[in-house]
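The structure file data.csv is reproduced below (CSV, C-alpha atoms).
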chain,number,residue,atom,x,y,z
A,225,MET,CA,9.9,66.7,8.7
A,226,SER,CA,12.0,67.1,11.9
A,227,GLU,CA,8.7,67.2,13.9
A,228,LEU,CA,7.7,63.6,12.8
A,229,PRO,CA,8.1,61.0,15.5
A,230,VAL,CA,11.0,58.6,15.2
A,231,ILE,CA,10.2,54.9,16.0
A,232,SER,CA,12.1,51.6,15.7
A,233,VAL,CA,11.5,48.9,13.1
A,234,THR,CA,10.0,46.7,15.8
A,235,GLU,CA,7.5,49.4,16.7
A,236,LEU,CA,6.7,49.9,13.1
A,237,VAL,CA,6.0,46.2,12.4
A,238,THR,CA,4.1,45.9,15.7
A,239,ALA,CA,1.9,48.7,14.7
A,240,PHE,CA,1.4,47.1,11.3
A,241,LYS,CA,0.5,43.8,13.1
A,242,GLU,CA,-2.1,45.5,15.3
A,243,VAL,CA,-3.7,47.3,12.4
A,244,VAL,CA,-3.8,44.2,10.2
A,245,GLU,CA,-4.9,41.7,12.8
A,246,THR,CA,-7.6,44.0,14.2
A,247,ALA,CA,-8.8,45.4,11.0
A,248,LEU,CA,-9.8,42.1,9.5
A,249,PRO,CA,-11.6,39.5,11.6
A,250,PRO,CA,-11.3,35.8,10.9
A,251,CYS,CA,-12.7,35.0,7.4
A,252,SER,CA,-12.9,32.3,4.7
A,253,VAL,CA,-10.8,32.8,1.6
A,254,GLU,CA,-11.5,31.0,-1.7
A,255,GLY,CA,-8.4,30.3,-3.8
A,256,GLU,CA,-6.1,27.8,-5.4
A,257,ILE,CA,-3.3,26.0,-3.6
A,258,SER,CA,0.3,26.2,-4.9
A,259,ASN,CA,3.8,25.6,-3.5
A,260,CYS,CA,2.3,23.3,-0.9
A,261,ARG,CA,4.8,21.5,1.3
A,262,MET,CA,4.9,19.8,4.7
A,263,SER,CA,7.6,20.6,7.2
A,264,PRO,CA,9.3,17.9,9.3
A,265,ALA,CA,7.4,19.3,12.3
A,266,GLY,CA,4.0,18.6,10.7
A,267,HIS,CA,3.1,22.1,9.6
A,268,TRP,CA,1.8,22.8,6.1
A,269,TYR,CA,3.2,25.8,4.2
A,270,LEU,CA,1.4,26.9,1.0
A,271,THR,CA,0.3,29.8,-1.2
A,272,LEU,CA,-3.3,30.8,-1.8
A,273,LYS,CA,-3.8,32.5,-5.1
A,274,ASP,CA,-6.4,33.7,-7.6
A,275,GLU,CA,-6.1,35.3,-11.1
A,276,THR,CA,-4.4,38.4,-9.9
A,277,SER,CA,-3.0,38.0,-6.3
A,278,GLU,CA,-1.5,35.5,-4.0
A,279,ILE,CA,-0.7,35.3,-0.3
A,280,SER,CA,1.4,33.0,1.8
A,281,ALA,CA,-0.5,30.7,4.2
A,282,VAL,CA,0.3,28.2,6.9
A,283,ILE,CA,-1.6,25.3,8.6
A,284,TRP,CA,-0.1,24.6,12.0
A,285,ARG,CA,0.2,21.0,13.0
A,286,SER,CA,-2.7,21.1,15.5
A,287,ALA,CA,-5.0,22.3,12.7
A,288,ALA,CA,-3.6,20.0,10.1
A,289,ALA,CA,-4.4,17.0,12.3
A,290,ARG,CA,-8.1,17.9,12.0
A,291,ILE,CA,-8.0,18.0,8.2
A,292,LYS,CA,-9.0,14.7,6.7
A,293,PHE,CA,-7.5,15.1,3.2
A,294,VAL,CA,-4.0,16.0,2.0
A,295,PRO,CA,-3.6,19.5,0.4
A,296,LYS,CA,-2.2,19.3,-3.1
A,297,ASP,CA,-1.1,21.9,-5.6
A,298,GLY,CA,-3.8,23.0,-8.0
A,299,MET,CA,-6.6,22.1,-5.6
A,300,LYS,CA,-9.5,24.6,-5.3
A,301,VAL,CA,-10.2,25.2,-1.6
A,302,LEU,CA,-12.1,27.4,0.9
A,303,ALA,CA,-9.7,28.3,3.7
A,304,THR,CA,-11.0,29.6,7.0
A,305,GLY,CA,-8.6,31.6,9.2
A,306,SER,CA,-7.1,35.0,9.9
A,307,LEU,CA,-4.2,37.2,8.9
A,308,GLN,CA,-1.1,37.1,11.0
A,309,VAL,CA,2.0,39.3,10.9
A,310,TYR,CA,5.3,37.7,11.7
A,311,VAL,CA,7.1,40.5,13.6
A,312,ALA,CA,10.6,39.0,13.3
A,313,ARG,CA,10.5,39.4,9.5
A,314,GLY,CA,7.7,41.9,9.0
A,315,THR,CA,5.8,39.4,6.7
A,316,CYS,CA,2.1,38.8,6.6
A,317,GLN,CA,0.6,35.3,6.2
A,318,PHE,CA,-2.9,33.7,6.4
A,319,VAL,CA,-3.1,31.2,9.2
A,320,ILE,CA,-5.6,28.5,8.2
A,321,LEU,CA,-7.7,26.8,10.9
A,322,LYS,CA,-10.0,24.9,8.6
A,323,LEU,CA,-9.6,23.8,4.9
A,324,MET,CA,-12.4,22.6,2.7
A,325,PRO,CA,-12.1,21.4,-0.9
A,326,GLN,CA,-14.3,23.1,-3.4
A,327,GLY,CA,-16.7,21.0,-5.5
A,328,VAL,CA,-16.5,18.0,-3.2
A,329,GLY,CA,-16.7,17.5,0.5
A,330,GLU,CA,-13.7,17.2,2.8
A,331,LEU,CA,-14.4,13.6,3.7
A,332,GLU,CA,-15.2,12.6,0.1
A,333,MET,CA,-11.9,14.1,-1.0
A,334,ALA,CA,-10.0,12.3,1.8
A,335,PHE,CA,-11.7,9.0,0.8
A,336,ARG,CA,-10.7,9.4,-2.9
A,337,GLN,CA,-7.1,10.2,-2.0
A,338,LEU,CA,-6.7,7.2,0.3
A,339,ARG,CA,-8.5,4.9,-2.1
A,340,ASP,CA,-6.2,5.9,-4.9
A,341,LYS,CA,-3.1,5.5,-2.7
A,342,LEU,CA,-4.0,2.0,-1.4
A,343,ALA,CA,-5.1,0.9,-4.9
A,344,ALA,CA,-1.7,1.9,-6.2
A,345,GLU,CA,-0.1,-0.3,-3.6
A,346,GLY,CA,-2.2,-3.3,-4.7
A,347,LEU,CA,-4.1,-3.7,-1.4
A,348,PHE,CA,-7.4,-4.1,-3.2
A,349,GLU,CA,-6.2,-7.0,-5.4
A,350,GLU,CA,-8.2,-10.2,-5.1
A,351,SER,CA,-5.0,-12.3,-5.3
A,352,ARG,CA,-3.8,-10.8,-2.0
A,353,LYS,CA,-7.0,-11.7,-0.1
A,354,ARG,CA,-7.3,-14.8,2.0
A,355,PRO,CA,-10.2,-17.4,1.9
A,356,ILE,CA,-12.7,-17.4,4.8
A,357,PRO,CA,-12.9,-20.7,6.7
A,358,ARG,CA,-15.8,-22.9,5.8
A,359,ILE,CA,-16.7,-23.7,9.4
A,360,PRO,CA,-14.7,-21.4,11.7
A,361,LYS,CA,-13.6,-22.5,15.2
A,362,ARG,CA,-14.3,-19.2,16.8
A,363,ILE,CA,-15.6,-15.8,15.4
A,364,ALA,CA,-14.4,-12.5,16.7
A,365,LEU,CA,-16.8,-9.5,16.3
A,366,VAL,CA,-14.8,-6.3,16.4
A,367,THR,CA,-17.7,-3.8,17.0
A,368,SER,CA,-19.6,-1.9,19.6
A,369,PRO,CA,-21.0,-4.4,22.2
A,370,THR,CA,-24.1,-2.3,22.6
A,371,SER,CA,-25.0,-1.7,19.0
A,372,ALA,CA,-27.9,-3.2,17.0
A,373,ALA,CA,-25.3,-4.5,14.5
A,374,VAL,CA,-23.7,-6.9,17.1
A,375,ARG,CA,-27.1,-8.2,18.0
A,376,ASP,CA,-28.0,-8.8,14.4
A,377,MET,CA,-24.7,-10.6,13.7
A,378,ILE,CA,-25.1,-12.9,16.8
A,379,GLN,CA,-28.7,-13.7,16.0
A,380,VAL,CA,-27.9,-14.6,12.3
A,381,ILE,CA,-24.8,-16.6,13.2
A,382,THR,CA,-26.5,-18.6,16.0
A,383,ARG,CA,-29.6,-19.2,13.9
A,384,ARG,CA,-27.6,-20.6,11.0
A,385,TRP,CA,-25.0,-22.4,13.1
A,386,PRO,CA,-26.1,-23.0,16.7
A,387,ALA,CA,-22.8,-24.5,17.7
A,388,ALA,CA,-20.9,-21.3,16.7
A,389,ARG,CA,-18.4,-19.9,19.2
A,390,ILE,CA,-18.5,-16.1,19.3
A,391,VAL,CA,-16.3,-13.6,21.1
A,392,VAL,CA,-17.1,-9.8,21.0
A,393,VAL,CA,-14.1,-7.5,21.0
A,394,PRO,CA,-15.6,-4.2,22.2
A,395,VAL,CA,-14.5,-1.1,20.4
A,396,ARG,CA,-15.8,2.4,19.7
A,397,VAL,CA,-17.1,2.6,16.1
A,398,GLN,CA,-17.7,6.3,15.9
A,399,GLY,CA,-16.1,9.5,17.1
A,400,GLU,CA,-12.7,10.4,18.5
A,401,GLY,CA,-10.5,7.4,19.3
A,402,ALA,CA,-12.7,4.9,17.4
A,403,ALA,CA,-10.0,4.2,14.8
A,404,GLU,CA,-7.4,3.6,17.4
A,405,ASP,CA,-9.7,1.1,19.2
A,406,ILE,CA,-10.3,-0.8,16.0
A,407,VAL,CA,-6.6,-0.9,15.1
A,408,ARG,CA,-5.7,-2.1,18.6
A,409,ALA,CA,-8.3,-4.9,18.4
A,410,LEU,CA,-7.2,-6.1,15.0
A,411,ARG,CA,-3.6,-6.2,16.1
A,412,ASN,CA,-4.4,-8.4,19.1
A,413,VAL,CA,-7.3,-10.5,18.0
A,414,HIS,CA,-5.1,-13.4,17.0
A,415,ARG,CA,-4.2,-13.9,20.6
A,416,ILE,CA,-7.7,-15.0,21.4
A,417,SER,CA,-7.7,-18.8,21.5
A,418,ASP,CA,-9.1,-20.5,18.3
A,419,VAL,CA,-10.1,-17.3,16.5
A,420,ASP,CA,-9.7,-17.9,12.8
A,421,VAL,CA,-12.0,-15.2,11.3
A,422,VAL,CA,-12.9,-11.6,12.3
A,423,ILE,CA,-15.9,-9.5,11.4
A,424,ALA,CA,-15.2,-5.8,11.8
A,425,GLY,CA,-18.0,-3.3,11.2
A,426,ARG,CA,-21.1,-1.4,12.5
A,427,GLY,CA,-24.5,-0.4,11.3
A,428,GLY,CA,-25.4,2.4,9.0
A,429,GLY,CA,-24.9,6.1,9.4
A,430,SER,CA,-23.6,9.2,7.8
A,431,LEU,CA,-20.2,9.4,6.2
A,432,GLU,CA,-19.0,11.2,9.3
A,433,ASP,CA,-20.3,8.3,11.5
A,434,LEU,CA,-18.6,5.7,9.4
A,435,TRP,CA,-15.4,7.6,9.0
A,436,CYS,CA,-13.2,5.6,11.3
A,437,PHE,CA,-13.5,2.7,8.8
A,438,ASN,CA,-12.1,5.0,6.1
A,439,GLU,CA,-8.9,5.9,8.0
A,440,GLU,CA,-5.6,4.6,6.6
A,441,LYS,CA,-4.5,3.2,10.0
A,442,VAL,CA,-7.6,1.0,10.1
A,443,ALA,CA,-7.1,-0.2,6.5
A,444,ARG,CA,-3.5,-1.2,7.1
A,445,ALA,CA,-4.5,-2.9,10.4
A,446,ILE,CA,-7.0,-5.0,8.4
A,447,VAL,CA,-4.3,-6.0,5.9
A,448,ALA,CA,-1.8,-6.8,8.6
A,449,CYS,CA,-4.3,-8.8,10.7
A,450,ARG,CA,-3.1,-12.4,11.1
A,451,VAL,CA,-6.6,-13.9,10.5
A,452,PRO,CA,-9.0,-13.3,7.6
A,453,VAL,CA,-11.2,-10.2,8.1
A,454,ILE,CA,-14.8,-9.7,6.9
A,455,SER,CA,-15.8,-6.0,6.7
A,456,ALA,CA,-19.4,-5.2,7.4
A,457,VAL,CA,-19.8,-1.4,7.5
A,458,GLY,CA,-23.1,0.3,7.1
A,459,HIS,CA,-25.7,-0.5,4.5
A,460,GLU,CA,-25.4,-1.9,0.9
A,461,ILE,CA,-24.8,1.5,-0.6
A,462,ASP,CA,-22.0,2.4,1.8
A,463,VAL,CA,-18.6,1.5,0.6
A,464,SER,CA,-15.7,2.1,2.9
A,465,ILE,CA,-11.9,1.7,2.6
A,466,ALA,CA,-12.2,-1.2,5.1
A,467,ASP,CA,-14.6,-2.9,2.6
A,468,LEU,CA,-12.0,-2.6,-0.2
A,469,VAL,CA,-9.0,-4.0,1.7
A,470,ALA,CA,-10.8,-6.7,3.7
A,471,ASP,CA,-10.6,-10.3,2.7
A,472,ARG,CA,-14.4,-10.4,2.2
A,473,ARG,CA,-17.0,-7.6,2.1
A,474,ALA,CA,-20.4,-8.0,3.5
A,475,LEU,CA,-23.1,-5.5,2.4
A,476,THR,CA,-24.5,-5.4,6.0
A,477,PRO,CA,-23.7,-6.8,9.4
A,478,SER,CA,-26.5,-9.3,8.9
A,479,GLU,CA,-25.0,-10.5,5.7
A,480,ALA,CA,-21.7,-10.9,7.4
A,481,GLY,CA,-23.3,-13.4,9.8
A,482,GLU,CA,-24.6,-15.3,6.8
A,483,LEU,CA,-21.2,-15.3,5.1
A,484,VAL,CA,-19.1,-16.4,8.1
A,485,VAL,CA,-20.9,-19.7,8.8
A,486,PRO,CA,-22.9,-22.2,6.8
A,487,SER,CA,-26.6,-22.8,7.4
A,488,VAL,CA,-27.2,-26.1,9.3
A,489,GLN,CA,-30.2,-26.8,7.1
A,490,ASP,CA,-28.3,-26.1,3.9
A,491,LEU,CA,-25.5,-28.3,5.1
A,492,ARG,CA,-28.0,-31.1,6.0
A,493,ASP,CA,-29.6,-30.8,2.5
A,494,SER,CA,-26.1,-30.9,0.9
A,495,LEU,CA,-25.2,-34.0,2.9
A,496,GLU,CA,-28.4,-35.6,2.0
A,497,TYR,CA,-28.0,-34.8,-1.6
A,498,THR,CA,-24.4,-36.1,-1.5
A,499,ALA,CA,-25.6,-39.3,0.2
A,500,GLN,CA,-28.3,-39.8,-2.4
A,501,ARG,CA,-25.7,-39.4,-5.2
A,502,MET,CA,-23.4,-41.8,-3.5
A,503,ARG,CA,-26.2,-44.4,-3.2
A,504,GLN,CA,-27.1,-43.9,-6.8
A,505,VAL,CA,-23.5,-44.3,-7.9
A,506,LEU,CA,-23.1,-47.4,-5.9
A,507,ARG,CA,-26.3,-48.9,-7.3
A,508,ASN,CA,-25.2,-48.1,-10.8
A,509,CYS,CA,-21.8,-49.7,-10.1
A,510,VAL,CA,-23.4,-52.8,-8.7
A,511,GLU,CA,-25.8,-53.0,-11.6
A,512,ARG,CA,-22.9,-52.6,-14.1
A,513,ILE,CA,-20.9,-55.4,-12.4
A,514,ARG,CA,-24.0,-57.6,-12.3
A,515,LEU,CA,-24.5,-57.2,-16.1
A,516,GLN,CA,-20.8,-57.9,-16.6
A,517,LEU,CA,-21.1,-61.1,-14.6
A,518,SER,CA,-24.2,-62.1,-16.4
A,519,ALA,CA,-22.4,-61.6,-19.8
A,520,ILE,CA,-19.5,-63.7,-18.6
A,521,GLU,CA,-21.7,-66.4,-17.2
A,522,ALA,CA,-23.5,-66.6,-20.6
A,523,ARG,CA,-20.3,-67.3,-22.5
A,524,SER,CA,-20.1,-70.9,-23.9
A,525,VAL,CA,-16.8,-71.5,-22.3
A,526,LEU,CA,-18.5,-71.4,-18.9
A,527,GLN,CA,-21.6,-73.3,-20.1
A,528,ARG,CA,-19.6,-76.1,-21.8
A,529,PRO,CA,-16.0,-75.9,-20.5
A,530,MET,CA,-14.9,-79.1,-22.4
A,531,THR,CA,-15.7,-77.3,-25.7
A,532,LEU,CA,-12.7,-75.1,-25.2
A,533,ILE,CA,-10.5,-78.1,-24.5
A,534,ASP,CA,-11.8,-80.0,-27.5
A,535,GLN,CA,-11.1,-76.9,-29.7
A,536,ARG,CA,-7.6,-76.7,-28.3
A,537,ARG,CA,-7.0,-80.4,-29.0
A,538,MET,CA,-8.2,-80.0,-32.6
A,539,SER,CA,-6.0,-77.0,-33.0
A,540,CYS,CA,-3.0,-79.0,-31.7
A,541,ASP,CA,-3.8,-81.9,-34.1
A,542,GLU,CA,-4.0,-79.5,-37.0
A,543,LEU,CA,-0.8,-77.8,-36.0
A,544,GLY,CA,0.9,-81.2,-35.7
A,545,GLN,CA,-0.3,-82.2,-39.2
A,546,ARG,CA,0.9,-78.9,-40.6
A,547,ILE,CA,4.3,-79.4,-38.9
A,548,VAL,CA,4.7,-83.0,-40.3
A,549,THR,CA,3.7,-81.8,-43.8
A,550,ALA,CA,6.1,-78.9,-43.6
A,551,ILE,CA,8.9,-81.2,-42.5
A,552,LYS,CA,8.3,-83.7,-45.3
A,553,LEU,CA,8.2,-80.9,-47.8
A,554,PHE,CA,11.4,-79.5,-46.4
A,555,VAL,CA,13.1,-82.9,-46.6
A,556,GLU,CA,11.9,-83.5,-50.2
A,557,ARG,CA,13.2,-80.1,-51.3
A,558,ARG,CA,16.6,-80.8,-49.7
A,559,GLN,CA,16.7,-84.3,-51.3
A,560,GLN,CA,16.1,-82.7,-54.7
A,561,THR,CA,18.8,-80.2,-54.1
A,562,VAL,CA,21.3,-83.0,-53.1
A,563,ALA,CA,20.3,-85.0,-56.2
A,564,ARG,CA,20.9,-82.1,-58.4
A,565,THR,CA,24.3,-81.4,-56.8
A,566,ALA,CA,25.3,-85.0,-57.0
A,567,ALA,CA,24.4,-85.1,-60.7
A,568,SER,CA,26.5,-82.0,-61.3
A,569,LEU,CA,29.5,-83.5,-59.4
A,570,HIS,CA,29.1,-86.8,-61.2
A,571,ALA,CA,29.2,-85.1,-64.6
A,572,LEU,CA,32.4,-83.3,-63.5
A,573,SER,CA,34.1,-86.5,-62.0
A,574,PRO,CA,37.4,-87.5,-63.7
A,575,LEU,CA,36.1,-91.1,-63.7
A,576,GLN,CA,33.5,-90.1,-66.3
A,577,VAL,CA,36.4,-88.8,-68.5
A,578,LEU,CA,38.3,-92.1,-68.0
A,579,SER,CA,35.3,-94.0,-69.2
A,580,ARG,CA,35.6,-92.4,-72.6
A,581,GLY,CA,39.1,-93.9,-73.1
A,582,TYR,CA,41.3,-91.4,-71.3
A,583,SER,CA,43.6,-92.3,-68.4
A,584,LEU,CA,45.3,-90.5,-65.5
A,585,THR,CA,49.0,-91.1,-64.8
A,586,GLN,CA,50.7,-90.2,-61.6
A,587,THR,CA,54.2,-90.4,-60.2
A,588,ALA,CA,54.9,-92.6,-57.2
A,589,ASP,CA,54.5,-89.5,-54.9
A,590,GLY,CA,51.0,-88.7,-56.4
A,591,GLN,CA,51.9,-85.9,-58.8
A,592,VAL,CA,49.8,-85.9,-62.0
A,593,LEU,CA,52.0,-86.5,-65.0
A,594,ARG,CA,51.5,-83.9,-67.7
A,595,ASP,CA,55.0,-83.7,-69.3
A,596,ALA,CA,57.5,-86.4,-70.2
A,597,ASP,CA,60.2,-84.3,-68.7
A,598,GLN,CA,58.7,-84.9,-65.3
A,599,VAL,CA,60.1,-88.5,-65.2
A,600,SER,CA,63.3,-90.2,-65.5
A,601,THR,CA,64.3,-93.7,-66.4
A,602,GLY,CA,63.4,-96.1,-63.7
A,603,ASP,CA,60.5,-94.0,-62.2
A,604,GLN,CA,57.5,-95.9,-61.1
A,605,LEU,CA,54.2,-94.7,-62.6
A,606,ILE,CA,50.6,-95.4,-61.7
A,607,THR,CA,48.1,-95.2,-64.5
A,608,ARG,CA,44.4,-95.1,-63.6
A,609,LEU,CA,42.0,-96.4,-66.3
A,610,ALA,CA,38.2,-96.4,-66.3
A,611,SER,CA,38.5,-99.9,-64.8
A,612,GLY,CA,41.6,-100.8,-62.9
A,613,VAL,CA,45.1,-99.4,-62.3
A,614,VAL,CA,48.3,-100.1,-64.3
A,615,HIS,CA,51.7,-99.9,-62.6
A,616,SER,CA,54.6,-99.3,-64.9
A,617,THR,CA,58.4,-98.4,-65.0
A,618,VAL,CA,59.9,-95.8,-67.2
A,619,LYS,CA,62.6,-97.3,-69.6
Now, as a test, write the supplied structure out as structure tokens.
Amino acid sequence: MSELPVISVTELVTAFKEVVETALPPCSVEGEISNCRMSPAGHWYLTLKDETSEISAVIWRSAAARIKFVPKDGMKVLATGSLQVYVARGTCQFVILKLMPQGVGELEMAFRQLRDKLAAEGLFEESRKRPIPRIPKRIALVTSPTSAAVRDMIQVITRRWPAARIVVVPVRVQGEGAAEDIVRALRNVHRISDVDVVIAGRGGGSLEDLWCFNEEKVARAIVACRVPVISAVGHEIDVSIADLVADRRALTPSEAGELVVPSVQDLRDSLEYTAQRMRQVLRNCVERIRLQLSAIEARSVLQRPMTLIDQRRMSCDELGQRIVTAIKLFVERRQQTVARTAASLHALSPLQVLSRGYSLTQTADGQVLRDADQVSTGDQLITRLASGVVHSTVK
């Protein structure tokens, strides 16, 4: 044992590093992600595992920037990289240079993740989207100025609406830096005079070719754009994130040209149809008024106007007769009532009692005499008979 060489820990770990890193060249490892987290510096730390083993892994920020999707726990992946020994701690980890999801492509996975994220934020809701102007003042085409798509859009727009004013905002629509160009154009397009609608898009291609329209920064730039945006990316079967967040989706660039302006011929036909309807409505209105006037003219009051006056005179005479008759009847009823009242009063009159032999005696001051004790010798009395009055003195 004393003959064995003595080395430091650093020498031991360094030897381990040389053996490990030279023994196994870069390879692809299939496994499941767990304990995945992102550091503030932009590096991804995770664990790759299968049924029996696991190993720590890292994706440095430079490599992570090239990965389109976000690694998640439980995701099956194919990781390409190499083993690396961290000398300071004597640990071994797998440095991932490329990461591919299993069962679905990398871009498809990234598309699904971003679609679900933006949908949860409500950016696909129709209630959020703005209407496209019926006849725009100026149309901005955010696309490649040399592409077939821009020629198709200009041709369709000018054919449908020759007076259209178009401005092309040149951007790259494919490859490195395309997304940044599109974002910059959408942020500044409102500064162009009279622009009130934007068409952003390009012709067809592979998913990789169209990918700049699936990036989150482009989607948010479309939402934040100050004027309505029509997305026209690829062919009918191509659906991009830009299509989902835009205020209006066109299946192709040519259809975008049809959506953004009306057809002159269609507008003429519509105006002619409207004019015909207005003329018909006016004719119907005039005919209805003419019939009303004819009906009024046919009335007897206009044919023989004195007839109405004669009828009113007769009505007045009849009303006068009814009033006179009513007054006479009223007076007669009141006379009968007075006669009955007078007869009742006459029957109750004291004079009627006197006519049957009774008399009414009063003292000089008018008090009716009912008791002999009311008078004294020498009082003057007045006795009223049925006919005449007798004055007497009490003795």
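Around Trp268 of chain A, within 7 Å and counting all atoms listed in the file, the residues found are A:Arg261, A:Met262, A:Ser263, A:Gly266, A:Leu270, A:Val282, A:Ile283, A:Trp284, once anything fewer than 2 positions away on its own chain is removed.
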ask   = Val392 of chain A: which residues within 8 Å, counting all atoms listed in the file, same-chain residues fewer than 4 positions away excluded, as a PyMOL selection string?
value = chain A and resi 364-367+369
ask   = Between A:Val422, A:Ala288, A:Val484, A:Ile279, which has the minimum distance to Thr382 of chain A (counting only C-alpha atoms)?
value = A:Val484
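Going from atom CA of Gly590 of chain A to atom CA of Val618 of chain A covers 15.7 Å.
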Residues within 12 Å of Leu468 of chain A, only C-alpha atoms, excluding chain neighbours under 4 positions, as a PDB file with C-alpha atoms, in the frame of the given file:
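Saved the output as around12.pdb:
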ATOM      1  CA  PHE A 335     -11.700   9.000   0.800  1.00  0.00           C
ATOM      2  CA  LEU A 338      -6.700   7.200   0.300  1.00  0.00           C
ATOM      3  CA  ARG A 339      -8.500   4.900  -2.100  1.00  0.00           C
ATOM      4  CA  ASP A 340      -6.200   5.900  -4.900  1.00  0.00           C
ATOM      5  CA  LEU A 342      -4.000   2.000  -1.400  1.00  0.00           C
ATOM      6  CA  ALA A 343      -5.100   0.900  -4.900  1.00  0.00           C
ATOM      7  CA  GLY A 346      -2.200  -3.300  -4.700  1.00  0.00           C
ATOM      8  CA  LEU A 347      -4.100  -3.700  -1.400  1.00  0.00           C
ATOM      9  CA  PHE A 348      -7.400  -4.100  -3.200  1.00  0.00           C
ATOM     10  CA  GLU A 349      -6.200  -7.000  -5.400  1.00  0.00           C
ATOM     11  CA  GLU A 350      -8.200 -10.200  -5.100  1.00  0.00           C
ATOM     12  CA  ARG A 352      -3.800 -10.800  -2.000  1.00  0.00           C
ATOM     13  CA  LYS A 353      -7.000 -11.700  -0.100  1.00  0.00           C
ATOM     14  CA  PHE A 437     -13.500   2.700   8.800  1.00  0.00           C
ATOM     15  CA  ASN A 438     -12.100   5.000   6.100  1.00  0.00           C
ATOM     16  CA  GLU A 440      -5.600   4.600   6.600  1.00  0.00           C
ATOM     17  CA  VAL A 442      -7.600   1.000  10.100  1.00  0.00           C
ATOM     18  CA  ALA A 443      -7.100  -0.200   6.500  1.00  0.00           C
ATOM     19  CA  ARG A 444      -3.500  -1.200   7.100  1.00  0.00           C
ATOM     20  CA  ILE A 446      -7.000  -5.000   8.400  1.00  0.00           C
ATOM     21  CA  VAL A 447      -4.300  -6.000   5.900  1.00  0.00           C
ATOM     22  CA  VAL A 453     -11.200 -10.200   8.100  1.00  0.00           C
ATOM     23  CA  ILE A 454     -14.800  -9.700   6.900  1.00  0.00           C
ATOM     24  CA  SER A 455     -15.800  -6.000   6.700  1.00  0.00           C
ATOM     25  CA  ALA A 456     -19.400  -5.200   7.400  1.00  0.00           C
ATOM     26  CA  VAL A 457     -19.800  -1.400   7.500  1.00  0.00           C
ATOM     27  CA  ASP A 462     -22.000   2.400   1.800  1.00  0.00           C
ATOM     28  CA  VAL A 463     -18.600   1.500   0.600  1.00  0.00           C
ATOM     29  CA  SER A 464     -15.700   2.100   2.900  1.00  0.00           C
ATOM     30  CA  ARG A 472     -14.400 -10.400   2.200  1.00  0.00           C
ATOM     31  CA  ARG A 473     -17.000  -7.600   2.100  1.00  0.00           C
ATOM     32  CA  ALA A 474     -20.400  -8.000   3.500  1.00  0.00           C
ATOM     33  CA  LEU A 475     -23.100  -5.500   2.400  1.00  0.00           C
TER      34      LEU A 475
END
Compute the distance from (60.9, -88.4, -59.9) to each atom, counting all atoms listed in the file, keep the residues with any atom at most 9 Å away, and return them as a PDB file with C-alpha atoms, in the coordinates of the input; use the coordinates of the file.
ATOM      1  CA  THR A 587      54.200 -90.400 -60.200  1.00  0.00           C
ATOM      2  CA  ALA A 588      54.900 -92.600 -57.200  1.00  0.00           C
ATOM      3  CA  ASP A 589      54.500 -89.500 -54.900  1.00  0.00           C
ATOM      4  CA  GLN A 598      58.700 -84.900 -65.300  1.00  0.00           C
ATOM      5  CA  VAL A 599      60.100 -88.500 -65.200  1.00  0.00           C
ATOM      6  CA  SER A 600      63.300 -90.200 -65.500  1.00  0.00           C
ATOM      7  CA  GLY A 602      63.400 -96.100 -63.700  1.00  0.00           C
ATOM      8  CA  ASP A 603      60.500 -94.000 -62.200  1.00  0.00           C
ATOM      9  CA  GLN A 604      57.500 -95.900 -61.100  1.00  0.00           C
TER      10      GLN A 604
END
message = Could you list, as a count of residues only, every residue within 6 Å of Asp433 of chain A, counting all atoms listed in the file and ignoring same-chain residues fewer than 3 positions away?
response = 3
request  = Extract, using only C-alpha atoms, all DNA, RNA and protein residues at most 10 Å from Gln337 of chain A, discarding same-chain residues fewer than 5 positions from it, and format them as a ChimeraX atom specification.
outcome  = /A:292-294,331-332,342-343
request  = Mind listing whatever residues come within 10 Å of the point (-13.2, 26.8, -0.1)? Use only C-alpha atoms, file coordinates, and give them as a ChimeraX atom specification.
outcome  = /A:252-256,299-304,322-329
Using C-alpha atoms, can you export the residues from the last selection as a CSV table (one decimal), keeping the file's coordinate frame?
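Just written: selection11.csv:
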chain,number,residue,atom,x,y,z
A,252,SER,CA,-12.9,32.3,4.7
A,253,VAL,CA,-10.8,32.8,1.6
A,254,GLU,CA,-11.5,31.0,-1.7
A,255,GLY,CA,-8.4,30.3,-3.8
A,256,GLU,CA,-6.1,27.8,-5.4
A,299,MET,CA,-6.6,22.1,-5.6
A,300,LYS,CA,-9.5,24.6,-5.3
A,301,VAL,CA,-10.2,25.2,-1.6
A,302,LEU,CA,-12.1,27.4,0.9
A,303,ALA,CA,-9.7,28.3,3.7
A,304,THR,CA,-11.0,29.6,7.0
A,322,LYS,CA,-10.0,24.9,8.6
A,323,LEU,CA,-9.6,23.8,4.9
A,324,MET,CA,-12.4,22.6,2.7
A,325,PRO,CA,-12.1,21.4,-0.9
A,326,GLN,CA,-14.3,23.1,-3.4
A,327,GLY,CA,-16.7,21.0,-5.5
A,328,VAL,CA,-16.5,18.0,-3.2
A,329,GLY,CA,-16.7,17.5,0.5
remark   = Separating atom CA of Asn412 of chain A from atom CA of Val391 of chain A, to the nearest tenth of an Å, is a gap of 13.1 Å
Top pick for closest residue to Val485 of chain A, considering A:Ala387, A:Leu584, A:Ala567, A:Ile513 and counting all atoms listed in the file =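 Answer, going by the shortest atom-to-atom distance: A:Ala387.
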